[in-house]
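Q: Below is the file query09.cif, which contains mmCIF, C-alpha atoms.
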data_model
loop_
_atom_site.label_atom_id
_atom_site.label_comp_id
_atom_site.auth_asym_id
_atom_site.auth_seq_id
_atom_site.Cartn_x
_atom_site.Cartn_y
_atom_site.Cartn_z
CA MET H 1 196.39 -2.53 22.49
CA THR H 2 197.09 -2.78 18.78
CA SER H 3 194.74 -5.32 17.23
CA SER H 4 197.31 -6.35 14.60
CA LYS H 5 199.62 -7.74 17.27
CA ASN H 6 199.59 -11.37 18.34
CA TYR H 7 199.14 -11.26 22.10
CA ALA H 8 199.77 -13.91 24.72
CA VAL H 9 198.92 -13.76 28.40
CA VAL H 10 201.88 -14.99 30.44
CA LEU H 11 201.70 -15.94 34.10
CA LEU H 12 204.68 -14.17 35.62
CA SER H 13 205.35 -15.09 39.23
CA GLY H 14 208.82 -13.56 39.36
CA GLY H 15 210.50 -16.96 39.49
CA LEU H 16 213.09 -18.30 37.10
CA ASP H 17 210.69 -20.68 35.38
CA SER H 18 208.07 -18.03 34.68
CA MET H 19 210.73 -15.64 33.41
CA VAL H 20 212.02 -18.23 30.93
CA ALA H 21 208.48 -19.14 29.82
CA ALA H 22 207.69 -15.46 29.21
CA ALA H 23 210.92 -15.01 27.26
CA ARG H 24 210.02 -18.03 25.15
CA ALA H 25 206.67 -16.40 24.37
CA ARG H 26 208.46 -13.23 23.30
CA GLU H 27 210.89 -15.26 21.18
CA ALA H 28 207.91 -16.91 19.48
CA GLY H 29 206.73 -13.49 18.36
CA PHE H 30 204.02 -12.77 20.89
CA ALA H 31 203.40 -9.38 22.46
CA LEU H 32 203.28 -9.99 26.19
CA LEU H 33 200.42 -9.37 28.57
CA ALA H 34 201.97 -10.29 31.92
CA LEU H 35 199.82 -11.39 34.84
CA SER H 36 201.12 -11.69 38.39
CA VAL H 37 198.90 -12.59 41.33
CA ASP H 38 199.38 -11.01 44.73
CA TYR H 39 197.87 -13.84 46.74
CA ASN H 40 199.32 -12.63 50.04
CA GLN H 41 202.13 -15.13 49.74
CA ARG H 42 204.89 -15.01 52.33
CA HIS H 43 207.52 -14.65 49.59
CA ARG H 44 206.05 -11.36 48.35
CA VAL H 45 209.47 -10.19 47.19
CA GLU H 46 208.76 -12.26 44.07
CA LEU H 47 206.22 -9.62 43.02
CA ALA H 48 208.97 -7.00 42.89
CA ALA H 49 210.97 -9.46 40.78
CA ALA H 50 207.96 -9.92 38.47
CA ARG H 51 207.73 -6.17 37.92
CA LYS H 52 211.39 -5.98 36.95
CA ILE H 53 211.13 -8.97 34.62
CA ALA H 54 207.99 -7.63 32.93
CA HIS H 55 209.83 -4.37 32.25
CA VAL H 56 212.97 -6.08 30.94
CA LEU H 57 210.94 -8.34 28.65
CA GLY H 58 209.00 -5.39 27.28
CA ALA H 59 205.54 -6.52 28.38
CA GLU H 60 202.91 -4.25 26.86
CA ARG H 61 200.93 -4.44 30.07
CA HIS H 62 201.59 -5.95 33.47
CA ILE H 63 198.75 -6.54 35.90
CA VAL H 64 199.46 -7.44 39.52
CA LEU H 65 196.10 -8.77 40.61
CA PRO H 66 195.24 -8.91 44.33
CA LEU H 67 193.61 -12.17 45.39
CA ASP H 68 194.08 -13.02 49.05
CA LEU H 69 194.46 -16.80 49.18
CA ALA H 70 195.70 -16.43 52.76
CA ALA H 71 192.02 -16.15 53.63
CA PHE H 72 191.75 -19.84 52.71
CA GLY H 73 195.10 -20.94 54.16
CA GLY H 74 196.02 -24.58 53.79
CA SER H 75 199.62 -23.98 52.69
CA ALA H 76 202.92 -22.98 54.23
CA LEU H 77 203.01 -20.17 51.67
CA THR H 78 199.72 -18.62 52.79
CA ALA H 79 199.28 -19.63 56.44
CA ASP H 80 201.25 -19.65 59.69
CA ILE H 81 202.89 -22.99 58.88
CA ALA H 82 206.66 -23.49 58.85
CA VAL H 83 208.25 -23.86 55.43
CA PRO H 84 210.09 -27.22 55.34
CA LYS H 85 213.88 -26.91 55.15
CA GLU H 86 214.93 -30.58 55.28
CA GLY H 87 215.16 -31.12 51.53
CA VAL H 88 212.91 -32.22 48.69
CA GLY H 89 211.06 -35.37 49.72
CA PRO H 90 208.37 -37.67 48.29
CA GLY H 91 204.72 -36.73 48.16
CA ILE H 92 202.99 -33.37 47.86
CA PRO H 93 204.64 -30.88 50.25
CA ILE H 94 202.90 -28.42 52.56
CA THR H 95 204.08 -25.59 50.28
CA TYR H 96 201.43 -26.70 47.77
CA VAL H 97 198.79 -23.95 47.54
CA PRO H 98 195.37 -25.56 46.97
CA ALA H 99 194.34 -25.31 43.30
CA ARG H 100 196.76 -22.42 42.70
CA ASN H 101 197.57 -23.06 39.05
CA THR H 102 193.91 -23.77 38.29
CA ILE H 103 193.00 -20.42 39.81
CA PHE H 104 195.83 -18.55 38.10
CA LEU H 105 195.20 -20.07 34.68
CA SER H 106 191.50 -19.24 35.04
CA LEU H 107 192.41 -15.60 35.66
CA ALA H 108 194.79 -15.64 32.69
CA LEU H 109 192.05 -17.19 30.56
CA GLY H 110 189.61 -14.44 31.52
CA TRP H 111 192.10 -11.73 30.57
CA ALA H 112 193.01 -13.52 27.34
CA GLU H 113 189.40 -13.71 26.22
CA ALA H 114 188.78 -10.06 27.11
CA ALA H 115 191.94 -9.01 25.23
CA GLY H 116 191.30 -11.14 22.16
CA ALA H 117 194.31 -13.36 22.89
CA HIS H 118 194.19 -17.13 22.50
CA ASP H 119 197.59 -18.15 23.85
CA LEU H 120 198.50 -18.57 27.51
CA PHE H 121 201.99 -19.30 28.83
CA ILE H 122 202.82 -20.87 32.17
CA GLY H 123 206.21 -21.96 33.50
CA VAL H 124 205.21 -25.28 35.07
CA ASN H 125 207.69 -28.13 35.10
CA ALA H 126 207.10 -31.82 35.80
CA LEU H 127 210.68 -33.07 36.19
CA ASP H 128 212.69 -31.08 38.75
CA TYR H 129 209.83 -29.74 40.87
CA SER H 130 208.22 -30.25 44.28
CA GLY H 131 205.57 -32.74 43.28
CA TYR H 132 202.65 -30.36 42.83
CA PRO H 133 199.74 -32.00 40.98
CA ASP H 134 198.97 -28.84 39.00
CA CYS H 135 202.35 -28.94 37.24
CA ARG H 136 201.68 -32.18 35.36
CA PRO H 137 201.08 -32.42 31.59
CA GLU H 138 197.67 -34.01 32.10
CA PHE H 139 196.58 -30.97 34.12
CA ILE H 140 197.64 -28.59 31.34
CA ALA H 141 195.84 -30.67 28.70
CA SER H 142 192.70 -30.85 30.82
CA PHE H 143 192.67 -27.11 31.43
CA GLU H 144 193.00 -26.44 27.71
CA ALA H 145 190.04 -28.74 27.04
CA MET H 146 188.02 -26.99 29.75
CA ALA H 147 188.81 -23.58 28.24
CA ALA H 148 187.21 -24.70 24.98
CA LEU H 149 183.99 -25.48 26.87
CA ALA H 150 183.90 -22.62 29.36
CA THR H 151 184.37 -19.56 27.15
CA ARG H 152 182.46 -17.77 24.41
CA ASP H 153 185.49 -17.92 22.11
CA GLY H 154 185.95 -21.62 22.74
CA VAL H 155 182.32 -22.43 22.02
CA GLU H 156 182.51 -20.35 18.83
CA GLY H 157 185.56 -22.27 17.63
CA ARG H 158 188.34 -19.89 18.65
CA ARG H 159 190.21 -22.27 20.91
CA PHE H 160 192.83 -21.36 23.48
CA THR H 161 196.29 -22.92 23.64
CA VAL H 162 198.03 -23.32 26.98
CA HIS H 163 201.79 -23.30 26.36
CA ALA H 164 204.00 -24.95 28.98
CA PRO H 165 207.39 -24.74 27.22
CA LEU H 166 209.36 -25.93 30.25
CA GLN H 167 207.13 -28.91 30.96
CA HIS H 168 209.72 -31.60 30.23
CA MET H 169 212.89 -29.71 31.11
CA THR H 170 215.13 -30.36 34.08
CA LYS H 171 216.05 -27.38 36.22
CA ALA H 172 219.49 -27.46 34.62
CA ASP H 173 217.84 -27.29 31.20
CA ILE H 174 215.87 -24.25 32.35
CA VAL H 175 219.03 -22.54 33.61
CA ARG H 176 220.71 -23.20 30.26
CA GLU H 177 217.64 -21.87 28.45
CA ALA H 178 217.76 -18.67 30.50
CA ASP H 179 221.39 -18.30 29.48
CA ARG H 180 220.60 -18.96 25.82
CA LEU H 181 217.87 -16.34 25.88
CA GLY H 182 220.28 -13.79 27.36
CA LEU H 183 218.27 -13.41 30.56
CA ASP H 184 219.64 -12.09 33.84
CA ALA H 185 218.65 -14.94 36.15
CA GLY H 186 219.58 -12.74 39.10
CA LEU H 187 216.39 -10.76 38.52
CA SER H 188 214.26 -13.80 39.36
CA TRP H 189 213.17 -14.95 42.80
CA SER H 190 212.64 -18.56 43.90
CA CYS H 191 212.75 -18.70 47.71
CA TYR H 192 209.61 -19.64 49.68
CA ASP H 193 210.86 -18.18 52.96
CA PRO H 194 213.11 -15.12 52.49
CA ALA H 195 215.92 -14.69 54.98
CA ALA H 196 216.85 -11.49 56.77
CA GLY H 197 218.03 -8.85 54.36
CA GLY H 198 215.71 -10.08 51.62
CA ILE H 199 217.91 -12.89 50.31
CA HIS H 200 217.15 -16.51 49.47
CA CYS H 201 217.10 -18.79 52.51
CA GLY H 202 218.98 -21.53 50.65
CA LEU H 203 217.22 -24.43 52.37
CA CYS H 204 213.60 -24.53 51.18
CA ASP H 205 212.67 -26.88 48.34
CA SER H 206 212.65 -24.09 45.79
CA CYS H 207 216.10 -22.82 46.80
CA ARG H 208 217.54 -26.34 46.71
CA LEU H 209 216.12 -26.98 43.23
CA ARG H 210 217.48 -23.64 42.02
CA GLN H 211 220.96 -24.38 43.39
CA ARG H 212 220.99 -27.85 41.84
CA GLY H 213 219.93 -26.45 38.50
CA PHE H 214 222.78 -23.97 38.31
CA ASP H 215 225.28 -26.52 39.58
CA ALA H 216 224.17 -29.17 37.08
CA ALA H 217 224.17 -26.65 34.23
CA GLY H 218 227.69 -25.52 35.07
CA ILE H 219 226.55 -21.90 35.05
CA ALA H 220 227.41 -19.44 37.82
CA ASP H 221 224.51 -18.90 40.19
CA PRO H 222 223.91 -15.16 40.72
CA THR H 223 221.70 -15.79 43.75
CA ALA H 224 222.59 -14.66 47.28
CA TYR H 225 221.71 -17.44 49.76
CA ALA H 226 221.74 -17.16 53.55
CA VAL H 227 222.85 -20.81 53.73
CA ARG H 228 223.91 -23.47 51.25
CA PRO H 229 223.30 -27.09 52.30
#
What does the file become when written as structure tokens?
A:
Amino acid sequence: MTSSKNYAVVLLSGGLDSMVAAARAREAGFALLALSVDYNQRHRVELAAARKIAHVLGAERHIVLPLDLAAFGGSALTADIAVPKEGVGPGIPITYVPARNTIFLSLALGWAEAAGAHDLFIGVNALDYSGYPDCRPEFIASFEAMAALATRDGVEGRRFTVHAPLQHMTKADIVREADRLGLDAGLSWSCYDPAAGGIHCGLCDSCRLRQRGFDAAGIADPTAYAVRP
């Protein structure tokens, strides 16, 4: 990597939110180091989406890191538990993966310090989301404070910034932002439980939020759904 460049490590799941967050990092002038985690999730098609997005956004390097969280279980995304299809409800859903964003940001932090980067981007959102605790602003602020204490660079005064540019956007806002940035939203993947033929199921929380976002934004949804509620 060229030392004169300003690098940022971006967590790139393959979803719409992570794609927009990565594009915002590029727009801000960062050279992208894209990190995707193969955690043995049931919606593994998102990793193929992440590879395409990393290429389209011109990431200088894209690491797909294997980390089998299915060994822990505890989530409908990593264990033999049915993905809910009844609609977004109150409380923390069973699709929550224990400590996932803490784990992923820690991995991104390790790569950032090794690469001499001090900016991390994550596409979390605290408005139109499924109620995950690790998407809240206080979590992002706390992780940033922890990074200053847990790393050589932080202790030596070279602090890390965790950017969450979509934090206070609605899903419709995010769809509009994708459009403004000239992104092909059809490259992204949101579904937790892919239907036959490798298309979005249309009924899981993530599919419902995606549909609502495009509908509310008044922008054509390029996604193929098996069912629309």
Q: So what does the PyMOL selection byres ((chain H and resi 224) around 12) actually pick up in this one, as an MDAnalysis selection string?
A: chainID H and resid 185:191 194:202 207 210:211 220:223 225:228
Q: Return as a list in words the set of residues that the PyMOL selection byres ((chain H and resi 73) around 12) yields on the displayed structure.
A: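 Checking the PyMOL selection byres ((chain H and resi 73) around 12) against this file, the residues are Tyr39, Asn40, Gln41, Arg42, Asp68, Leu69, Ala70, Ala71, Phe72, Gly74, Ser75, Ala76, Leu77, Thr78, Ala79, Asp80, Ile81, Ile94, Thr95, Tyr96, Val97, Pro98, Ala99 and Arg100 of chain H.
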Q: Please provide as JSON, numbers by chain all residues within 9 Å of region 168-180 of chain H, with the sequence filter that same-chain residues fewer than 5 positions apart are discarded (counting only C-alpha atoms).
A: {"H": [16, 17, 19, 20, 23, 125, 126, 127, 128, 129, 137, 185, 209, 210, 212, 213, 214, 215, 216, 217, 218, 219]}
Q: As a check of understanding, name the residues that the PyMOL selection byres ((chain H and resi 162) around 12) selects in the supplied structure, as number ranges by chain.
A: H: 8-11, 21, 25, 105-106, 108-109, 112, 117-124, 137-148, 159-161, 163-165, 167
Q: Let me see the file: selected residues, C-alpha atoms, as a PDB file, keeping the file's coordinate frame.
A:
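Final output, result_30.pdb:
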ATOM      1  CA  ALA H   8     199.770 -13.910  24.720  1.00  0.00           C
ATOM      2  CA  VAL H   9     198.920 -13.760  28.400  1.00  0.00           C
ATOM      3  CA  VAL H  10     201.880 -14.990  30.440  1.00  0.00           C
ATOM      4  CA  LEU H  11     201.700 -15.940  34.100  1.00  0.00           C
ATOM      5  CA  ALA H  21     208.480 -19.140  29.820  1.00  0.00           C
ATOM      6  CA  ALA H  25     206.670 -16.400  24.370  1.00  0.00           C
ATOM      7  CA  LEU H 105     195.200 -20.070  34.680  1.00  0.00           C
ATOM      8  CA  SER H 106     191.500 -19.240  35.040  1.00  0.00           C
ATOM      9  CA  ALA H 108     194.790 -15.640  32.690  1.00  0.00           C
ATOM     10  CA  LEU H 109     192.050 -17.190  30.560  1.00  0.00           C
ATOM     11  CA  ALA H 112     193.010 -13.520  27.340  1.00  0.00           C
ATOM     12  CA  ALA H 117     194.310 -13.360  22.890  1.00  0.00           C
ATOM     13  CA  HIS H 118     194.190 -17.130  22.500  1.00  0.00           C
ATOM     14  CA  ASP H 119     197.590 -18.150  23.850  1.00  0.00           C
ATOM     15  CA  LEU H 120     198.500 -18.570  27.510  1.00  0.00           C
ATOM     16  CA  PHE H 121     201.990 -19.300  28.830  1.00  0.00           C
ATOM     17  CA  ILE H 122     202.820 -20.870  32.170  1.00  0.00           C
ATOM     18  CA  GLY H 123     206.210 -21.960  33.500  1.00  0.00           C
ATOM     19  CA  VAL H 124     205.210 -25.280  35.070  1.00  0.00           C
ATOM     20  CA  PRO H 137     201.080 -32.420  31.590  1.00  0.00           C
ATOM     21  CA  GLU H 138     197.670 -34.010  32.100  1.00  0.00           C
ATOM     22  CA  PHE H 139     196.580 -30.970  34.120  1.00  0.00           C
ATOM     23  CA  ILE H 140     197.640 -28.590  31.340  1.00  0.00           C
ATOM     24  CA  ALA H 141     195.840 -30.670  28.700  1.00  0.00           C
ATOM     25  CA  SER H 142     192.700 -30.850  30.820  1.00  0.00           C
ATOM     26  CA  PHE H 143     192.670 -27.110  31.430  1.00  0.00           C
ATOM     27  CA  GLU H 144     193.000 -26.440  27.710  1.00  0.00           C
ATOM     28  CA  ALA H 145     190.040 -28.740  27.040  1.00  0.00           C
ATOM     29  CA  MET H 146     188.020 -26.990  29.750  1.00  0.00           C
ATOM     30  CA  ALA H 147     188.810 -23.580  28.240  1.00  0.00           C
ATOM     31  CA  ALA H 148     187.210 -24.700  24.980  1.00  0.00           C
ATOM     32  CA  ARG H 159     190.210 -22.270  20.910  1.00  0.00           C
ATOM     33  CA  PHE H 160     192.830 -21.360  23.480  1.00  0.00           C
ATOM     34  CA  THR H 161     196.290 -22.920  23.640  1.00  0.00           C
ATOM     35  CA  HIS H 163     201.790 -23.300  26.360  1.00  0.00           C
ATOM     36  CA  ALA H 164     204.000 -24.950  28.980  1.00  0.00           C
ATOM     37  CA  PRO H 165     207.390 -24.740  27.220  1.00  0.00           C
ATOM     38  CA  GLN H 167     207.130 -28.910  30.960  1.00  0.00           C
TER      39      GLN H 167
END
Q: In Å, how far is it from CA of Gly14 (chain H) to CA of Lys52 (chain H)?
A: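 Separating CA of Gly14 (chain H) from CA of Lys52 (chain H) is a distance of 8.4 Å.
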Q: To one decimal place, how far is CA of Gly110 (chain H) from CA of Ala49 (chain H) in Å?
A: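 Separating CA of Gly110 (chain H) from CA of Ala49 (chain H) is a distance of 23.8 Å.
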Q: One decimal, in Å: what's the spacing between CA of Leu65 (chain H) and CA of Asp38 (chain H)?
A: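 Spanning CA of Leu65 (chain H) to CA of Asp38 (chain H) is a straight-line distance of 5.7 Å.
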Q: Considering all atoms listed in the file, state which residue in the set H:Val155, H:Ser13, H:Tyr132, H:Leu35 is at the smallest distance from Val88 (chain H).
A: H:Tyr132
Q: Rank nothing, just name the residue among H:Pro66, H:Pro93, H:Gly58, H:Gly116 nearest to Thr151 (chain H), using all atoms listed in the file.
A: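 Of all the options, H:Gly116 lies closest to Thr151 (chain H).
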Q: In terms of the shortest atom-to-atom distance over only C-alpha atoms, which of H:Arg26, H:Lys85, H:Arg152, H:Arg61 is closest to Tyr192 (chain H)?
A: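 Between H:Arg26, H:Lys85, H:Arg152, H:Arg61, the residue approaching Tyr192 (chain H) most closely is H:Lys85.
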Q: Need the axis-aligned box for region 209-228 of chain H with 8 Å each side, so what are the centre and edges in Å to one decimal, as AutoDock Vina command-line options?
A:
--center_x 221.9 --center_y -21.9 --center_z 44.0 --size_x 27.6 --size_y 30.5 --size_z 35.5
